[in-house]
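Heads up: the structure comes next, in structure tokens.
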Amino acid sequence: MTQQVKITLLDGSQREVARGTTPAEIAASIGPGLAKAALAARIDGELVDIGRPIEADAQLALVTARDEKDALELVRHDYAHILAEAVQALFPGTQITFGPATDDGFYYDVAPPADHGPFTEDDLPAIEAKMREIIAADKPLRREVWTRQQLIERWAGQGESFKAEWAAALPDDEELTVYWSGSDWLDMCRGPHLASTGKVDPQAFKLTRVSGAYWRGDQKNAMLSRIYGTGWLNKKQLDAHLLRLEEAAKRDHRKIGQEMDLFHLQQEAHGSVFWHPQGFVIWRQLEAYMRRAIDDAGYNEVKTPQVMDARQWEQSGHWGKYRENMFVIPDEVPNVEDEGPLVSDEAEWMALKPMNCPAHVLIFRQGIKSYRDLPLRIYENGCCHRNEPHGALHGLMRVRQFTQDDAHIFCREDQIVDEVRAFCALADRIYKDFGFTYSIKLALRPEKRFGSDEMWDLAETELRNAVIAAGLATEEYGWEELPGEGAFYAPKLEWHLTDAIGRTWQVGTIQSDRVLPERLDASYVGEDGARHRPVMLHRAIFGSYERFIGILIEHYAGKFPLWLAPVQAVVATIVSDADEYAKAVVEKLRGAGIRAETDLRNEKINYKVREHSLGRVPNLLVVGRREAEEGTVALRRLGSDEHQKVMSVDDVIAQLVAEATPPDLR
RNA sequence: GCCGGAUUAGCACAGUGGUAGUGCAGCGGUUUUGUAAACCGAAGGUCGCGGGUUCAAAUCCUGCAUCCGGCACCA
């Protein structure tokens, strides 16, 4: 066996070193600066410890803070370990389980000691302080390969039942490693890690919250305490992140919804929205916009029943697969006597619709359809109810009553690709009108599903091919396939929007379904005169009006483009002598279709400017004696640094009318 | 549904066993004001709901509801 190995560095240069030389040593031989900066290495592409001996000829890349993605992953992973060590140091008897890096930090799931109860946020300051001690101690992190037997014995011996279970379950072909922190603490971990605990910045992390989390993500298992932190390379990054969180909190649609008087929620109807006049203006604009879009795209709008017999839901399969999310209603006159149960034991059941698809099939089934009728696109602003778990409800984003922009396209096999492509184009146009970029994902068959494997193969292939044909299955569109995430009846293409501050939201979807037409016996007469099954494409672009408006509120931070703004202009007076003039201006604005209000209150103009600015009114038209005499207004635009502009009323109206035109009508 | 936290005036919040408070909004008055908060006054509460402990409960205990942060769920 040769004692030398050949190392190829990033710049292509090569050097011979003794077998077992570490990347750290090579970094040191290149220069002290690099030795200090090197956090880890990639050997033949694999991310490894800086102290990992090199055993064969290899390509070597040294990882420094400049390789931000790798570096963040490494430090976050280290923070997670230090967190676990700190918790065990402070709370002996705590069991550790699992602690990965996340998108902006890390967490560790731990089981508190029997006498302690779950950890709370009150515990965090002490844990943070202990973590800083461990970082200050700069304990070397040392990797060792162990056998499964060693691991199980060690964990079982320490009373770490979760780790022991985990060690026993790890796959046979995996090299099992532990990392020592100094000589007194170790965790089972795949690595890699930095060379020592002192390599992370003690000022660049913060423990943020504590929550419950099930062991191995399964509801049937024990509930652990999950301690979350955010972690970065340096304090500047941490501060920037904390600032971003503050900015995101300011955009919270629940907060803005209250500030702008758009909607409210209350406990007597939890999970269902009370839309206020201002909020419903936005809804109406979206509804009108969507109607124009679907009219153009050859859809037919329908309206279907809110409540249908349970037998219908049994036939569609929802009763079996979806009942726990449905609101059921006895089909019986309730008992009006004081005594006795509200409904009898013999009551038949009905259910509020959780989806619109069965009703659309029932419309399709009326009369005989021929191949000439296809593709038939049935659209509905469909109001659905789903009995969501209480813990899932969240503002407008997750509600129990919502209205989908839902349509079902009944078509032949050979029409699927064209229909999906047309849908891609429609979705593209609509999302761009709102200023979103997006990525497309294909969610593949879930475990709990209807239909044969052949059918799923076919359906998945069709959707994939359609996206490829549309030229969207590319990196630019974030193309990705997500195993196990499809609906129970069909795979789905998903559109994930990216909003103004970089967060993503899954909204649009199209799914190709052969199950429901079969179950509800939908058919058409083909050219051959025989009966055939249509394929059914389920599709939505907003997803639900509620959620889409929630997303828009956060995307625009409440500063809606003019066509969506609840109040488009306020005419505010400086002196009461201008009241009559202000009223006349508002009349003219309204006559031109602008949503305008007067503000004649007995307040200083400073006060009115401040109030309407905070209220996110896009245009403030200030009028005093001068404007009243000259027939002008002083236009002050929200978010504009420039000063007011004095304009004639007609010019202002022309400008606002142009700006308030919905994007599809421009 | 699970873990933790919260719930006090329209809103934001203070109040740890002894007469429920502050700011803003709203209401009344004064002021007629030129681009991000004029001044004065009066009013506003079943302290989420139920039960318990206590001479006395917003405050302690308990059950429930809703909300918040996660987990699980998300057709």
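If you're wondering about the labels, chains in the structure tokens are A, B, ... by order shown, residues count from 1 in each chain, ligands from 1 in order shown.
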Q.
Please identify the strand (DSSP E or B) residues within stretch 2-168 of chain A (assignment by DSSP from backbone atoms) and present them as a ChimeraX atom specification.
A. /A:4-9,14-18,40-43,46-49,58-63,95-98,101,105-111,140-145
Please identify every residue of chain B that has at least one atom no more than 10 Å from any atom of chain A, counting only C-alpha atoms (C1' of nucleotides), and report them as a list in words.
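Interface list for chain B against chain A: G1, C2, C3, G4, G5, C11, U31, U32, U33, G34, U35, A36, A37, A38, G48, A65, U66, C67, C68, G69, G70, C71, A72, C73, C74 and A75 of chain B.
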| query | Which polymer residues have any atom within 8 Å of an atom of A:Leu83, counting only C-alpha atoms (C1' of nucleotides), with same-chain residues fewer than 6 positions away left out, as JSON, numbers by chain? | reply | {"A": [108, 127, 128, 131]}
task: Could you tell me, as number ranges by chain, which residues of stretch 500-612 of chain A DSSP assigns to helix (DSSP H, G or I) when given the backbone?
output: A: 515-519, 545-556, 576-591, 605-612
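Atom pair atom CA of A:Trp563 / atom CA of A:Thr504 has a distance of 23.8 Å (rounded to one decimal).
Using only C-alpha atoms, the nearest neighbour of A:Leu426 within the list A:Asp115, A:Glu160, A:Glu153, A:Asp664 is A:Asp664.
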Straight-line distance linking atom CA of A:Ala459 with atom CA of A:Phe423, stated in Å to one decimal:
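Calculated distance between atom CA of A:Ala459 and atom CA of A:Phe423 is 16.3 Å.
The protein and nucleic acid residues lying at most 8 Å from A:Leu516 are A:Ser316, A:Pro358, A:Tyr489, A:Asp521, A:Met536, with only C-alpha atoms (C1' of nucleotides) considered and sequence neighbours fewer than 5 positions away removed.
You will find atom CA of A:Ile368 at 16.0 Å from atom CA of A:Glu518.
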(Q) For stretch 454-456 of chain A, find every residue with an atom within 9 Å (counting only C-alpha atoms (C1' of nucleotides)), except residues of its own chain fewer than 2 positions away, and show them as a PyMOL selection string. (A) chain A and resi 444-445+451-452+458-461+490-491+514
With a distance cut-off of 12 Å and only C-alpha atoms (C1' of nucleotides), select the neighbouring residues of A:Asp104, excluding the residue or stretch itself and same-chain residues fewer than 6 positions from it, and output the selection as a short mmCIF file (atom, residue, chain, number, x, y, z; two decimals) with N, CA, C and O atoms, in the first residue's frame.
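Once everything was written out, this is out-v9.cif:
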```cif
data_model
loop_
_atom_site.label_atom_id
_atom_site.label_comp_id
_atom_site.auth_asym_id
_atom_site.auth_seq_id
_atom_site.Cartn_x
_atom_site.Cartn_y
_atom_site.Cartn_z
N LYS A 69 -23.55 28.50 2.05
CA LYS A 69 -24.57 27.47 2.25
C LYS A 69 -24.01 26.34 3.12
O LYS A 69 -24.63 25.93 4.11
N LEU A 72 -23.22 27.68 6.74
CA LEU A 72 -24.39 27.83 7.60
C LEU A 72 -24.87 26.48 8.09
O LEU A 72 -25.21 26.31 9.27
N GLU A 73 -24.91 25.53 7.18
CA GLU A 73 -25.35 24.19 7.56
C GLU A 73 -24.46 23.64 8.68
O GLU A 73 -24.94 23.09 9.67
N VAL A 75 -22.48 25.35 10.88
CA VAL A 75 -22.57 26.02 12.18
C VAL A 75 -23.92 25.74 12.83
O VAL A 75 -24.01 25.58 14.05
N ARG A 76 -24.96 25.63 12.03
CA ARG A 76 -26.27 25.36 12.63
C ARG A 76 -26.30 23.98 13.26
O ARG A 76 -26.87 23.77 14.33
N HIS A 77 -25.70 23.06 12.58
CA HIS A 77 -25.61 21.71 13.12
C HIS A 77 -24.82 21.72 14.43
O HIS A 77 -25.18 21.06 15.41
N TYR A 79 -24.49 24.33 16.47
CA TYR A 79 -25.33 24.97 17.48
C TYR A 79 -26.30 23.96 18.07
O TYR A 79 -26.55 23.94 19.28
N ALA A 204 -23.95 34.90 17.59
CA ALA A 204 -24.67 34.79 16.31
C ALA A 204 -25.81 33.78 16.38
O ALA A 204 -26.28 33.29 15.35
N PHE A 205 -26.23 33.46 17.60
CA PHE A 205 -27.39 32.57 17.69
C PHE A 205 -28.34 33.09 18.75
O PHE A 205 -27.96 33.90 19.60
N LYS A 206 -29.58 32.60 18.69
CA LYS A 206 -30.56 32.99 19.69
C LYS A 206 -31.60 31.88 19.76
O LYS A 206 -32.07 31.42 18.71
N LEU A 207 -31.91 31.43 20.96
CA LEU A 207 -32.98 30.44 21.10
C LEU A 207 -34.30 31.19 20.98
O LEU A 207 -34.48 32.24 21.61
N THR A 208 -35.19 30.68 20.15
CA THR A 208 -36.37 31.48 19.82
C THR A 208 -37.66 30.98 20.45
O THR A 208 -38.47 31.76 20.90
N TYR A 228 -36.16 25.53 19.61
CA TYR A 228 -35.74 26.12 18.34
C TYR A 228 -34.76 27.25 18.57
O TYR A 228 -34.90 28.02 19.53
N GLY A 229 -33.81 27.36 17.66
CA GLY A 229 -32.93 28.52 17.69
C GLY A 229 -32.69 28.99 16.28
O GLY A 229 -32.94 28.27 15.32
N THR A 230 -32.23 30.23 16.18
CA THR A 230 -31.78 30.69 14.88
C THR A 230 -30.28 30.89 15.00
O THR A 230 -29.80 31.33 16.04
N GLY A 231 -29.54 30.51 13.96
CA GLY A 231 -28.09 30.55 14.08
C GLY A 231 -27.43 30.99 12.78
O GLY A 231 -27.89 30.63 11.70
N TRP A 232 -26.38 31.80 12.90
CA TRP A 232 -25.73 32.41 11.73
C TRP A 232 -24.23 32.40 11.89
O TRP A 232 -23.70 31.98 12.91
N LEU A 233 -23.54 32.91 10.88
CA LEU A 233 -22.09 32.91 10.91
C LEU A 233 -21.55 34.03 11.79
O LEU A 233 -20.48 33.92 12.37
N GLN A 237 -25.29 38.92 10.61
CA GLN A 237 -26.30 38.10 9.94
C GLN A 237 -27.49 37.83 10.85
O GLN A 237 -28.64 37.83 10.42
N LEU A 238 -27.17 37.56 12.13
CA LEU A 238 -28.25 37.29 13.09
C LEU A 238 -29.17 38.51 13.19
O LEU A 238 -30.39 38.39 13.13
N ALA A 240 -29.62 40.87 11.08
CA ALA A 240 -30.38 41.06 9.84
C ALA A 240 -31.57 40.11 9.82
O ALA A 240 -32.67 40.48 9.40
N HIS A 241 -31.34 38.89 10.27
CA HIS A 241 -32.44 37.91 10.31
C HIS A 241 -33.54 38.36 11.27
O HIS A 241 -34.72 38.29 10.96
N LEU A 242 -33.14 38.82 12.45
CA LEU A 242 -34.14 39.26 13.42
C LEU A 242 -34.94 40.44 12.88
O LEU A 242 -36.14 40.54 13.10
N ARG A 244 -35.54 40.93 9.68
CA ARG A 244 -36.46 40.36 8.68
C ARG A 244 -37.70 39.79 9.36
O ARG A 244 -38.81 39.94 8.87
N LEU A 245 -37.50 39.15 10.51
CA LEU A 245 -38.66 38.60 11.23
C LEU A 245 -39.59 39.73 11.66
O LEU A 245 -40.81 39.59 11.58
#
```
